[in-house]
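Novice: The structure file protein_4.txt (compact mmCIF, C-alpha atoms) is provided below.
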# COMPACT_ATOMS: atom_id res chain seq x y z
CA MET A 6 7.27 45.61 6.11
CA ILE A 7 6.36 45.14 2.44
CA ARG A 8 9.86 43.83 1.83
CA LEU A 9 9.43 41.22 4.58
CA ALA A 10 6.06 40.20 3.19
CA LEU A 11 7.59 39.78 -0.24
CA TRP A 12 10.37 37.60 1.14
CA LEU A 13 7.77 35.52 2.98
CA LEU A 14 5.69 35.16 -0.14
CA GLY A 15 8.76 34.07 -2.08
CA ALA A 16 9.61 31.61 0.66
CA LEU A 17 6.11 30.10 0.57
CA VAL A 18 6.16 29.73 -3.21
CA LEU A 19 9.54 28.02 -2.90
CA ALA A 20 8.19 25.83 -0.09
CA GLY A 21 5.36 24.74 -2.37
CA ILE A 22 7.84 23.82 -5.08
CA VAL A 23 10.00 21.90 -2.59
CA HIS A 24 6.91 20.08 -1.31
CA LEU A 25 5.63 19.05 -4.74
CA THR A 26 9.08 18.08 -6.00
CA THR A 27 9.79 15.85 -3.02
CA VAL A 28 6.37 14.17 -3.25
CA LEU A 29 6.84 13.51 -6.97
CA LEU A 30 10.46 12.38 -6.67
CA LEU A 31 10.03 10.16 -3.63
CA PRO A 32 8.73 7.09 -5.50
CA ARG A 33 11.84 7.17 -7.71
CA MET A 34 14.29 7.76 -4.88
CA ALA A 35 12.84 5.27 -2.40
CA THR A 36 15.28 2.49 -1.58
CA GLN A 37 12.99 0.50 0.69
CA ASP A 38 9.89 0.32 -1.49
CA ALA A 39 8.14 -2.97 -2.16
CA TYR A 40 10.00 -3.58 -5.41
CA ALA A 41 13.36 -3.14 -3.70
CA ARG A 42 12.34 -5.39 -0.81
CA VAL A 43 11.19 -8.14 -3.19
CA SER A 44 14.27 -7.72 -5.42
CA ALA A 45 16.44 -8.59 -2.46
CA ILE A 46 14.99 -12.11 -2.36
CA ALA A 47 13.54 -12.77 -5.83
CA PRO A 48 15.52 -13.63 -8.98
CA VAL A 49 14.31 -12.24 -12.30
CA ASN A 50 11.57 -14.02 -14.30
CA SER A 51 10.83 -16.86 -11.91
CA VAL A 52 8.17 -17.43 -9.28
CA ILE A 53 9.29 -17.57 -5.68
CA PRO A 54 7.21 -17.80 -2.49
CA ILE A 55 7.31 -14.82 -0.13
CA PRO A 56 7.48 -15.85 3.53
CA GLY A 57 4.29 -15.01 5.41
CA PRO A 58 4.35 -12.07 7.83
CA THR A 59 5.07 -12.65 11.52
CA PRO A 60 5.20 -10.09 14.32
CA GLU A 61 9.01 -10.27 14.19
CA LYS A 62 9.57 -10.23 10.48
CA ALA A 63 7.77 -9.37 7.26
CA VAL A 64 9.03 -8.68 3.77
CA MET A 65 6.56 -5.81 3.45
CA PRO A 66 4.34 -3.99 5.93
CA PHE A 67 0.57 -4.53 5.86
CA MET A 68 0.73 -8.04 4.36
CA ASP A 69 -2.47 -10.04 4.82
CA PRO A 70 -1.53 -13.03 7.01
CA ALA A 71 -4.48 -15.08 5.70
CA PHE A 72 -2.82 -15.26 2.28
CA GLN A 73 0.02 -17.27 0.82
CA VAL A 74 1.97 -15.06 -1.55
CA SER A 75 4.32 -15.79 -4.44
CA VAL A 76 6.04 -13.22 -6.61
CA CYS A 77 7.53 -13.06 -10.08
CA ARG A 78 9.87 -10.12 -10.52
CA TYR A 79 9.74 -9.66 -14.25
CA ASP A 80 11.97 -8.06 -16.83
CA LEU A 81 10.50 -7.79 -20.32
CA SER A 82 13.54 -6.22 -21.98
CA ARG A 83 14.48 -9.58 -23.60
CA GLY A 84 10.91 -10.44 -24.63
CA ALA A 85 7.40 -11.24 -23.45
CA LEU A 86 6.56 -13.58 -20.57
CA LYS A 87 4.10 -16.44 -20.23
CA PHE A 88 2.46 -16.66 -16.85
CA SER A 89 0.23 -19.33 -15.38
CA VAL A 90 -1.02 -20.41 -11.97
CA PRO A 91 -3.60 -23.07 -11.07
CA ILE A 92 -6.34 -21.58 -8.91
CA SER A 93 -6.64 -22.85 -5.36
CA GLN A 94 -9.86 -23.95 -3.66
CA ALA A 95 -10.91 -20.72 -2.04
CA TYR A 96 -9.63 -17.61 -3.75
CA THR A 97 -6.66 -16.74 -5.94
CA SER A 98 -5.73 -13.39 -7.42
CA VAL A 99 -2.91 -12.15 -9.62
CA SER A 100 -1.91 -8.47 -9.36
CA PHE A 101 0.55 -6.60 -11.56
CA TYR A 102 2.70 -3.76 -10.27
CA THR A 103 5.03 -1.45 -12.17
CA ARG A 104 8.62 -0.83 -11.14
CA SER A 105 7.29 2.01 -8.96
CA ASP A 106 4.67 -0.17 -7.18
CA VAL A 107 1.61 1.07 -9.09
CA ALA A 108 -1.04 -1.68 -9.32
CA TYR A 109 -1.97 -1.38 -12.99
CA TYR A 110 -3.90 -4.63 -13.36
CA ALA A 111 -5.38 -7.34 -11.15
CA ILE A 112 -7.48 -10.38 -11.94
CA ASN A 113 -9.03 -13.01 -9.69
CA ASP A 114 -9.95 -16.64 -10.30
CA ARG A 115 -13.60 -15.90 -11.00
CA ALA A 116 -12.80 -13.22 -13.58
CA ALA A 117 -10.37 -15.64 -15.24
CA GLY A 118 -13.16 -18.24 -15.34
CA ARG A 119 -10.89 -21.29 -15.64
CA ARG A 120 -9.03 -23.74 -13.42
CA VAL A 121 -5.80 -22.06 -14.44
CA ILE A 122 -5.11 -18.35 -14.72
CA GLU A 123 -3.03 -18.06 -17.89
CA LEU A 124 -1.79 -14.93 -19.57
CA ASP A 125 0.92 -13.28 -21.60
CA LEU A 126 2.71 -10.25 -20.25
CA MET A 127 4.38 -7.84 -22.66
CA THR A 128 5.19 -4.21 -23.21
CA ALA A 129 3.09 -2.05 -25.54
CA ALA A 130 5.88 -2.22 -28.16
CA GLN A 131 6.03 -6.02 -28.03
CA ARG A 132 2.27 -6.20 -28.37
CA ALA A 133 2.32 -3.92 -31.39
CA ALA A 134 4.99 -6.15 -32.92
CA LEU A 135 2.80 -9.29 -32.68
CA PRO A 136 2.23 -10.73 -36.18
CA GLU A 137 -1.27 -10.26 -37.58
CA ASN A 138 -2.31 -13.92 -37.45
CA GLU A 139 -1.19 -14.17 -33.84
CA GLU A 140 -3.34 -11.20 -33.05
CA ILE A 141 -6.36 -13.24 -34.16
CA THR A 142 -5.53 -16.27 -32.02
CA ALA A 143 -4.86 -13.80 -29.25
CA ALA A 144 -8.61 -13.45 -28.87
CA ASP A 145 -8.75 -16.43 -26.52
CA ARG A 146 -5.49 -15.49 -24.89
CA LEU A 147 -5.34 -12.97 -22.11
CA ILE A 148 -2.69 -10.37 -22.87
CA VAL A 149 -1.59 -7.93 -20.19
CA THR A 150 0.38 -4.88 -21.25
CA SER A 151 2.97 -3.65 -18.81
CA PRO A 152 3.65 0.10 -18.80
CA THR A 153 7.23 -0.55 -17.64
CA ASN A 154 9.91 -3.05 -18.64
CA THR A 155 10.25 -4.30 -15.10
CA GLY A 156 7.76 -4.87 -12.32
CA LEU A 157 6.13 -7.45 -10.10
CA ILE A 158 3.50 -10.12 -10.58
CA VAL A 159 2.05 -10.92 -7.17
CA ILE A 160 0.04 -14.12 -6.77
CA ARG A 161 -2.13 -14.22 -3.68
CA ALA A 162 -4.03 -17.31 -2.58
CA LEU A 163 -6.31 -17.32 0.44
CA ALA A 164 -6.17 -19.99 3.11
CA PRO A 165 -9.49 -19.23 4.85
CA GLU A 166 -8.52 -21.54 7.70
CA VAL A 167 -5.07 -22.62 8.90
CA GLY A 168 -5.65 -26.22 7.74
CA TRP A 169 -5.84 -25.03 4.13
CA VAL A 170 -2.30 -23.69 4.01
CA PRO A 171 -0.54 -26.82 2.62
CA ALA A 172 -3.04 -27.25 -0.25
CA VAL A 173 -2.83 -23.54 -1.12
CA ARG A 174 0.98 -23.69 -1.09
CA THR A 175 0.93 -26.67 -3.44
CA ALA A 176 -1.24 -24.78 -5.92
CA LEU A 177 1.07 -21.76 -5.76
CA ALA A 178 4.16 -23.92 -6.16
CA SER A 179 3.17 -24.80 -9.71
CA ALA A 180 2.90 -21.17 -10.78
CA GLN A 181 5.10 -20.35 -13.75
CA CYS A 182 6.53 -17.20 -15.18
CA ARG A 183 8.97 -17.67 -18.06
CA PRO A 184 10.12 -15.99 -21.27
CA GLN A 185 8.28 -17.12 -24.40
CA MET B 10 50.45 33.91 1.24
CA LYS B 11 48.76 34.44 4.56
CA LEU B 12 48.55 38.11 3.91
CA ALA B 13 46.96 37.66 0.54
CA ASP B 14 44.31 35.33 2.00
CA SER B 15 43.30 37.63 4.79
CA SER B 16 43.18 40.66 2.56
CA CYS B 17 41.01 38.76 0.14
CA TYR B 18 38.69 37.77 2.97
CA THR B 19 38.34 41.27 4.40
CA GLY B 20 37.75 42.56 0.93
CA ARG B 21 34.78 40.25 0.52
CA SER B 22 33.28 40.92 3.90
CA ASN B 23 33.58 44.64 3.24
CA GLY B 24 31.58 44.15 0.14
CA TYR B 25 28.76 42.47 2.04
CA ALA B 26 28.81 45.09 4.76
CA THR B 27 27.15 47.61 2.50
CA GLY B 28 23.39 47.85 3.16
CA PRO B 29 21.38 46.26 0.30
CA ASN B 30 23.74 43.30 -0.09
CA VAL B 31 23.38 42.27 3.53
CA ARG B 32 19.63 42.49 3.24
CA LEU B 33 19.70 40.44 0.08
CA LEU B 34 21.87 37.82 1.72
CA PHE B 35 19.74 37.57 4.85
CA GLY B 36 16.56 37.65 2.83
CA THR B 37 17.73 34.82 0.62
CA VAL B 38 18.92 32.69 3.54
CA PHE B 39 15.67 33.40 5.39
CA ALA B 40 13.53 32.54 2.37
CA LEU B 41 15.47 29.39 1.57
CA ALA B 42 15.35 28.21 5.17
CA ILE B 43 11.60 28.74 5.40
CA ALA B 44 11.08 27.13 2.01
CA ALA B 45 13.09 24.05 2.95
CA MET B 46 11.47 23.67 6.36
CA ALA B 47 7.90 24.32 5.26
CA GLY B 48 8.24 22.32 2.04
CA LEU B 49 9.84 19.26 3.62
CA GLY B 50 7.58 19.60 6.66
CA ALA B 51 4.49 19.56 4.47
CA THR B 52 5.78 16.48 2.66
CA TRP B 53 6.52 14.70 5.92
CA MET B 54 3.10 15.55 7.34
CA ALA B 55 1.32 14.44 4.18
CA LEU B 56 3.14 11.12 4.16
CA THR B 57 2.91 10.23 7.83
CA ARG B 58 -0.51 11.51 8.82
CA GLY B 59 -2.24 9.56 6.07
CA SER B 60 -4.03 11.31 3.25
CA ALA B 61 -7.76 11.84 3.39
CA TYR B 62 -7.52 12.32 -0.35
CA GLY B 63 -10.10 10.55 -2.51
CA GLY B 64 -10.97 8.10 0.26
CA VAL B 65 -14.32 6.41 0.85
CA THR B 66 -15.22 6.76 4.52
CA ILE B 67 -17.90 4.60 6.12
CA GLY B 68 -18.14 5.07 9.87
CA ALA B 69 -14.70 4.51 11.36
CA TRP B 70 -13.44 2.90 8.15
CA THR B 71 -11.69 4.57 5.23
CA GLY B 72 -10.65 2.91 2.00
CA TRP B 73 -8.80 4.20 -1.05
CA PRO B 74 -10.03 2.05 -3.96
CA LYS B 75 -8.18 4.26 -6.42
CA ASN B 76 -4.83 3.32 -4.87
CA GLY B 77 -5.20 -0.10 -6.44
CA THR B 78 -5.27 1.33 -9.98
CA SER B 79 -2.91 3.28 -12.22
CA GLY B 80 -5.00 6.34 -11.25
CA ILE B 81 -3.33 6.39 -7.82
CA ASP B 82 -2.60 9.98 -6.75
CA PRO B 83 0.98 11.25 -6.23
CA TYR B 84 0.60 11.50 -2.45
CA ALA B 85 -0.52 7.89 -2.15
CA ARG B 86 2.32 6.83 -4.47
CA ALA B 87 4.87 8.60 -2.31
CA MET B 88 3.34 7.07 0.81
CA VAL B 89 3.45 3.57 -0.67
CA ALA B 90 7.08 4.12 -1.70
CA ARG B 91 7.96 5.24 1.81
CA THR B 92 6.24 2.43 3.73
CA GLY B 93 7.22 -0.33 1.25
CA GLU B 94 3.76 -1.85 1.07
CA LEU B 95 1.90 -2.99 -2.05
CA PRO B 96 -1.65 -1.61 -2.39
CA VAL B 97 -4.42 -4.14 -3.03
CA GLY B 98 -5.16 -4.15 -6.77
CA SER B 99 -8.68 -3.02 -7.63
CA GLY B 100 -9.42 -6.26 -9.53
CA ASP B 101 -8.50 -8.11 -6.36
CA GLY B 102 -10.21 -6.21 -3.56
CA VAL B 103 -10.40 -3.12 -1.39
CA ALA B 104 -8.78 -2.44 1.99
CA PHE B 105 -10.53 -0.35 4.64
CA TYR B 106 -8.53 1.09 7.55
CA ALA B 107 -9.80 2.02 11.02
CA ARG B 108 -7.48 4.00 13.30
CA THR B 109 -10.22 5.24 15.61
CA ASP B 110 -13.53 4.01 16.98
CA ASP B 111 -16.86 5.43 15.83
CA ALA B 112 -16.52 8.29 18.33
CA GLY B 113 -13.17 9.30 16.83
CA GLN B 114 -11.08 8.04 19.76
CA PRO B 115 -7.76 6.43 18.68
CA LEU B 116 -7.77 2.64 19.05
CA ASP B 117 -5.95 1.68 22.25
CA GLY B 118 -4.80 -1.90 22.80
CA ARG B 119 -5.43 -1.63 26.53
CA CYS B 120 -9.16 -1.16 25.95
CA ASP B 121 -11.89 -3.53 24.79
CA VAL B 122 -13.37 -2.58 21.43
CA LEU B 123 -16.44 -4.25 19.97
CA LEU B 124 -16.80 -4.67 16.23
CA SER B 125 -20.36 -5.47 15.36
CA GLY B 126 -22.45 -5.76 12.23
CA THR B 127 -21.86 -6.95 8.68
CA THR B 128 -19.55 -6.14 5.81
CA PRO B 129 -20.38 -5.08 2.27
CA GLN B 130 -20.88 -7.88 -0.21
CA ALA B 131 -17.65 -9.75 -0.91
CA ARG B 132 -16.65 -13.32 -1.66
CA PHE B 133 -14.20 -13.32 1.23
CA TRP B 134 -13.02 -10.78 3.73
CA THR B 135 -10.21 -10.67 6.26
CA LEU B 136 -9.77 -8.52 9.34
CA THR B 137 -6.22 -7.93 10.56
CA LEU B 138 -4.70 -6.01 13.45
CA TYR B 139 -1.44 -4.10 12.86
CA ASP B 140 0.72 -1.69 14.77
CA PRO B 141 0.95 1.80 13.19
CA GLU B 142 3.99 0.69 11.12
CA GLY B 143 2.04 -2.17 9.55
CA ARG B 144 3.62 -4.98 11.55
CA LEU B 145 1.58 -7.79 13.06
CA VAL B 146 1.26 -7.67 16.85
CA ALA B 147 2.61 -10.57 18.90
CA ASN B 148 0.21 -12.16 21.41
CA SER B 149 -0.11 -15.38 23.39
CA ALA B 150 -3.03 -16.63 21.27
CA GLN B 151 -0.98 -16.21 18.06
CA ARG B 152 -3.98 -14.66 16.37
CA GLN B 153 -3.55 -11.59 14.20
CA GLY B 154 -6.90 -11.57 12.47
CA PHE B 155 -9.93 -13.41 11.19
CA THR B 156 -11.17 -14.50 7.80
CA SER B 157 -14.85 -14.43 6.89
CA GLN B 158 -14.82 -18.22 7.09
CA GLU B 159 -13.35 -18.44 10.59
CA ILE B 160 -15.77 -16.09 12.23
CA VAL B 161 -18.58 -17.28 14.50
CA ARG B 162 -21.77 -15.57 13.34
CA ASN B 163 -25.07 -14.70 14.94
CA ALA B 164 -28.29 -16.28 13.67
CA ASP B 165 -28.94 -13.32 11.33
CA GLY B 166 -25.50 -13.57 9.72
CA SER B 167 -24.04 -10.57 11.53
CA PHE B 168 -20.99 -10.97 13.74
CA ASP B 169 -19.41 -9.55 16.88
CA ILE B 170 -15.65 -9.42 17.30
CA LEU B 171 -14.13 -8.35 20.58
CA VAL B 172 -10.76 -6.67 20.15
CA GLY B 173 -8.96 -6.38 23.46
CA PRO B 174 -6.03 -7.33 25.67
CA ARG B 175 -7.76 -10.11 27.67
CA ALA B 176 -9.03 -13.47 26.39
CA ARG B 177 -12.78 -13.60 25.69
CA PRO B 178 -15.16 -16.32 24.53
CA GLY B 179 -16.37 -16.02 20.95
CA ASN B 180 -14.47 -14.02 18.34
CA TRP B 181 -11.59 -12.57 20.31
CA LEU B 182 -8.92 -10.59 18.49
CA PRO B 183 -6.01 -9.98 20.91
CA THR B 184 -4.28 -6.59 20.93
CA GLY B 185 -1.22 -7.74 22.85
CA GLY B 186 -1.73 -4.67 25.04
CA VAL B 187 -0.04 -2.28 22.57
CA ASP B 188 -1.02 1.35 23.06
CA LYS B 189 -1.76 2.07 19.40
CA TYR B 190 -3.03 -0.16 16.64
CA LEU B 191 -5.14 -0.13 13.54
CA LEU B 192 -7.59 -2.55 12.00
CA VAL B 193 -7.64 -3.39 8.30
CA LEU B 194 -10.73 -4.96 6.77
CA ARG B 195 -10.00 -6.29 3.30
CA LEU B 196 -12.86 -7.21 0.99
CA TYR B 197 -11.92 -9.62 -1.81
CA ASP B 198 -13.85 -9.98 -5.03
CA THR B 199 -16.28 -7.23 -4.15
CA PRO B 200 -18.41 -4.84 -6.18
CA ILE B 201 -17.36 -2.07 -3.75
CA GLY B 202 -14.74 0.10 -5.37
CA MET B 203 -14.43 2.36 -8.34
CA ALA B 204 -17.94 1.76 -9.62
CA SER B 205 -19.63 2.52 -6.32
CA ARG B 206 -18.38 5.88 -5.11
CA THR B 207 -21.58 5.90 -3.09
CA GLY B 208 -19.87 3.62 -0.62
CA SER B 209 -21.52 5.38 2.28
CA GLU B 210 -24.59 3.16 1.98
CA ALA B 211 -22.51 0.02 2.30
CA PRO B 212 -22.76 -1.62 5.73
CA MET B 213 -19.52 -1.72 7.73
CA PRO B 214 -19.13 -3.08 11.26
CA SER B 215 -19.51 -0.51 14.02
CA VAL B 216 -16.46 0.11 16.22
CA THR B 217 -17.38 0.79 19.85
CA LYS B 218 -15.01 1.32 22.73
CA ARG B 219 -15.80 -0.41 26.01
CA ALA B 220 -13.95 -0.75 29.29
CA CYS B 221 -10.23 -0.07 29.50
CA LEU B 222 -7.68 -1.93 31.62
Now, as a test, write the supplied structure out as structure tokens.

Specialist:
Amino acid sequence: MIRLALWLLGALVLAGIVHLTTVLLLPRMATQDAYARVSAIAPVNSVIPIPGPTPEKAVMPFMDPAFQVSVCRYDLSRGALKFSVPISQAYTSVSFYTRSDVAYYAINDRAAGRRVIELDLMTAAQRAALPENEEITAADRLIVTSPTNTGLIVIRALAPEVGWVPAVRTALASAQCRPQ
Amino acid sequence: MKLADSSCYTGRSNGYATGPNVRLLFGTVFALAIAAMAGLGATWMALTRGSAYGGVTIGAWTGWPKNGTSGIDPYARAMVARTGELPVGSGDGVAFYARTDDAGQPLDGRCDVLLSGTTPQARFWTLTLYDPEGRLVANSAQRQGFTSQEIVRNADGSFDILVGPRARPGNWLPTGGVDKYLLVLRLYDTPIGMASRTGSEAPMPSVTKRACL
């Protein structure tokens, strides 16, 4: 009886380890996560529009159909990126995701406070390597530090009514994401 | 050759036939089997049933503002990796999910459900209907949701949205007659989120089930 209980206890401890390991490993093993889905259609370091969701087809689940979305799949291994997008009439936001789909930073048009959301994206090492004098001019420059070399910049612009879609698309079309 | 193989085999099985070894073998197999089943089962349950972890629940609605930050918990990370969605960044907005009505009954596309009230303060909000896998639901009206600007409001600024299979005057959100769906209310540019863990005072629309087909 005691022997059985001991085996059971061992089994449960092992089960706990299996559970935690799979939960922690899953984000790294996933082949159909958002980054992988976007990678299939987006070249590196350029902005491309993501087709809006329809009942038949969507790049990702749970996309908001009221928004027009563009994505820049970035790779900082060759250097920092400059990003800019003109804000559209209603609402524009820019969200940053790591390679494993963690939203580490997001900014909207009001927080940016200008007609154009402009920023520099770099790794912590690249930021540390900025020359001193550039660090001073950096005061009026928004610098976003990416925790990973690769990831996604997702630009979302709201079309509050269907008639707004063309204007919103035009604004998104002039978004830029290029190496410095 | 044959002879050597079989003798080798019987030799091994004889070894296992002695008491403690058999028990050890069965015990190990038993423990490993339970560990694999229970461990993977727990993972599967945690990732498919939706975590109640760190969520802000207001009536029928639950949101996970932390999922839009680098403080996202490992369960939510695994879930996001599995479904392939991108969580709404916290500087962008917050998403609230309703899978049941206020009485706790699962949302059924063959029934009429009335959403009524107001939302917390936000510059814009959108309401969208999805199937449980996060796909939009096809319907003859080609409407999958509303934005705060499209909605017809009452004189006091509140709104009523009827979610159901049959066309209605006013704000009608068609369900396409699917048996299971969920509603997602996304608040953009809103003070609701990390700062206000006391989300329970925020007003969210009530979700009331009415007649079924």

Novice: Per residue of segment 22-74 of chain B within 10 Å of segment 211-219 of chain B, what are the shortest atom pair and its distance in Å to one decimal, counting all atoms listed in the file, with rows by chain and residue number, as JSON lines?

Specialist:
{"residue": "B:Ile67", "atom": "CA", "partner": "B:Met213", "partner_atom": "CA", "distance": 6.7}
{"residue": "B:Gly68", "atom": "CA", "partner": "B:Ser215", "partner_atom": "CA", "distance": 7.1}
{"residue": "B:Ala69", "atom": "CA", "partner": "B:Val216", "partner_atom": "CA", "distance": 6.8}
{"residue": "B:Trp70", "atom": "CA", "partner": "B:Met213", "partner_atom": "CA", "distance": 7.6}

Novice: Please identify all polymer residues within 9 Å of Thr103 of chain A, counting all atoms listed in the file, omitting same-chain residues fewer than 4 positions from it, and present them as number ranges by chain.

Specialist: A: 40, 107-109, 151-158

Novice: Give, as AutoDock Vina command-line options, the centre coordinates and the x, y and z edge lengths in Å to one decimal for an axis-aligned box around all listed atoms of segment 20-38 of chain A, padded by 3 Å on each side.

Specialist:
--center_x 10.3 --center_y 13.1 --center_z -3.5 --size_x 15.9 --size_y 31.5 --size_z 14.4

Novice: Please find the residues of chain B near chain A - the criterion being any atom within 6 Å, counting all atoms listed in the file - and write them as a list in words.

Specialist: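 Interface list for chain B against chain A: Ala40, Ile43, Ala44, Ala47, Gly48, Leu49, Thr52, Gly77, Thr78, Ser79, Ala87, Ala90, Gly93, Glu94, Gly98, Gly100, Asp101, Gly143, Arg144, Leu145, Val146, Ala147, Thr156 and Gln158 of chain B.
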
Novice: Under the rule that all atoms listed in the file are counted, which of A:Gln185, A:Ser93, A:Ala162, A:Val74 is the nearest residue to Asp125 of chain A?

Specialist: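 With all atoms listed in the file as the atom set, the closest residue is A:Gln185.
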
Novice: For atom CA of Thr150 of chain A and atom CA of Gln131 of chain A, quote the distance in Å rounded to one decimal.

Specialist: 8.9 Å

Novice: I'd like to know which of A:Thr128, A:Asp80, A:Val121, A:Pro136 is closest to Ser44 of chain A, using only C-alpha atoms.

Specialist: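 Closest to Ser44 of chain A, using only C-alpha atoms: A:Asp80.
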
Novice: If we count all atoms listed in the file, what is near Ala85 of chain A at a cut-off of 7 Å, once residues fewer than 3 positions away on the same chain are taken out, given as JSON, numbers by chain?

Specialist: {"A": [81, 126, 127, 184, 185]}

Novice: May I ask for the distance between atom CA of Phe133 of chain B and atom CA of Val193 of chain B, given in Å to one decimal place?

Specialist: 13.8 Å

Novice: What does the distance between atom CA of Phe168 of chain B and atom CA of Asn180 of chain B come to in Å, to one decimal place?

Specialist: 8.5 Å

Novice: Pick the closest to Ile170 of chain B from B:Val122, B:Leu192, B:Ala104, B:Ala131: which is it, counting all atoms listed in the file?

Specialist: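 That would be B:Val122, the residue with the smallest distance to Ile170 of chain B.
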
Novice: Please determine, counting all atoms listed in the file, which residue among A:Ile92, A:Leu147, A:Ile46, A:Leu135 has the shortest atom-to-atom distance to Ile160 of chain A.

Specialist: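 Using all atoms listed in the file, the shortest distance to Ile160 of chain A belongs to A:Ile92.
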